[in-house]
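S.K.: Take this structure first; my questions come after.
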Amino acid sequence: MRIKERSISKRIILTLHYLLRMFRELNYVKLVSPYRGNVVPSTLLSDVIMSNDVFGSTLGIQPIIGEAKAPCNCVVARISELGNAMVLKSGNTEIVINIGLDYERYRKEQFKTLVEVGQKIKKGHNLIAFDLNSLYEQDRYFVCTVTVKPTKANTFTRFINAKNVDYDTIICNVNLG
């Protein structure tokens, strides 16, 4: 009889462990790259604030196509006046999409915002189209970034270690908290 009780207890514990792990994974989302291009480590980014990850963990990408796409299902929280940056919100997590770091060099006509503040969007939805050639002409160190702002549930984000990314490349897992 005791062997049967232990077996049942063991099954219950394993089942609870499995359910708990599954529940934890529900709060995570896989972010895909908002750009197609070559990865630039945050330590090499020209903007000191970005390179020191002051606003959160940052991944730099030198784009090869002039469009940014949504890295996950989210809501557009803010859009910059220039139209080159936006804050996306997914759960309690904020994701900052930034087209270029030297915004004083850029002109509003170089960016076309394809979404509005408050709009709910799906992963892969086009966010911003930009004139890649003119931006590279103005700024030879032109780079785009994606930053995950830290929250209580997500204090540090670790990005993938890769040379290139595409729109379907998973760049990190984020706890939505």
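Lettering and numbering for the structure tokens are positional, with chains as A, B, ... in the shown order, residues counted from 1 in each chain, and ligands counted from 1 in the shown order.
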Quick one: residues within 7 Å of Thr147 in chain A, only C-alpha atoms counted, chain neighbours fewer than 3 positions away excluded, as number ranges by chain?
M.R.: A: 56-59, 95-97
S.K.: Emit the selected residues as a PDB file, in the first residue's frame, including C-alpha atoms.
M.R.:
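Printed below is part36.pdb as written:
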ATOM      1  CA  GLY A  56      17.490  48.724 -20.791  1.00  0.00           C
ATOM      2  CA  SER A  57      19.187  46.012 -22.758  1.00  0.00           C
ATOM      3  CA  THR A  58      19.851  47.190 -26.307  1.00  0.00           C
ATOM      4  CA  LEU A  59      20.618  45.403 -29.544  1.00  0.00           C
ATOM      5  CA  ILE A  95      10.102  47.826 -26.140  1.00  0.00           C
ATOM      6  CA  VAL A  96      11.738  50.840 -27.791  1.00  0.00           C
ATOM      7  CA  ILE A  97      12.283  50.763 -31.556  1.00  0.00           C
TER       8      ILE A  97
END
S.K.: Mind listing the helix (DSSP H, G or I) residues of range 29-100 of chain A, per DSSP on the backbone, as a VMD selection string?
M.R.: chain A and resid 42 to 44 48 to 51
S.K.: Find the residues near Ser80 in chain A: any atom within 12 Å, counting only C-alpha atoms, skip ones fewer than 2 places away on the same chain, and give them as number ranges by chain.
M.R.: A: 76-78, 82-88, 96-99, 103, 108, 111-113, 116-117, 128
S.K.: Find the residues around Arg105 in chain A up to 12 Å (only C-alpha atoms counted), leave out those fewer than 6 positions away in its own chain, and share them as JSON, numbers by chain.
M.R.: {"A": [82, 84, 134, 135, 136, 137, 138, 139, 140, 141, 142]}
S.K.: Restricted to C-alpha atoms, what would the selected residues look like written as a short mmCIF file (atom, residue, chain, number, x, y, z; two decimals), in the first residue's frame?
M.R.:
data_model
loop_
_atom_site.label_atom_id
_atom_site.label_comp_id
_atom_site.auth_asym_id
_atom_site.auth_seq_id
_atom_site.Cartn_x
_atom_site.Cartn_y
_atom_site.Cartn_z
CA LEU A 82 10.39 62.81 -36.07
CA ASN A 84 11.98 57.52 -36.22
CA SER A 134 19.61 58.80 -47.64
CA LEU A 135 20.09 57.87 -43.96
CA TYR A 136 23.34 56.03 -44.74
CA GLU A 137 24.48 59.02 -46.83
CA GLN A 138 23.87 61.41 -43.92
CA ASP A 139 25.21 59.13 -41.19
CA ARG A 140 27.84 56.60 -42.13
CA TYR A 141 27.46 55.01 -38.67
CA PHE A 142 23.69 54.71 -39.08
#
S.K.: Using only C-alpha atoms, which of A:Val39, A:Leu127, A:Ile160, A:Ile12 sits nearest Ala70 in chain A?
M.R.: A:Leu127
S.K.: Write out as a PyMOL selection string each polymer residue whose atoms come within 7 Å of Ile121 in chain A, counting only C-alpha atoms; drop sequence neighbours fewer than 4 positions from it.
M.R.: chain A and resi 73-75+125
S.K.: Take the residues from that selection and write them out as a short mmCIF file (atom, residue, chain, number, x, y, z; two decimals), in the first residue's frame, keeping N, CA, C and O atoms.
M.R.:
data_model
loop_
_atom_site.label_atom_id
_atom_site.label_comp_id
_atom_site.auth_asym_id
_atom_site.auth_seq_id
_atom_site.Cartn_x
_atom_site.Cartn_y
_atom_site.Cartn_z
N ASN A 73 3.27 40.79 -30.48
CA ASN A 73 1.95 41.39 -30.38
C ASN A 73 2.03 42.46 -29.30
O ASN A 73 2.52 42.20 -28.19
N CYS A 74 1.58 43.68 -29.61
CA CYS A 74 1.77 44.78 -28.67
C CYS A 74 0.82 45.93 -29.00
O CYS A 74 0.04 45.86 -29.94
N VAL A 75 0.96 47.00 -28.22
CA VAL A 75 0.21 48.23 -28.43
C VAL A 75 1.23 49.35 -28.62
O VAL A 75 2.24 49.40 -27.90
N HIS A 125 3.87 43.13 -38.03
CA HIS A 125 3.17 44.26 -38.65
C HIS A 125 4.18 45.37 -38.96
O HIS A 125 5.04 45.68 -38.15
#
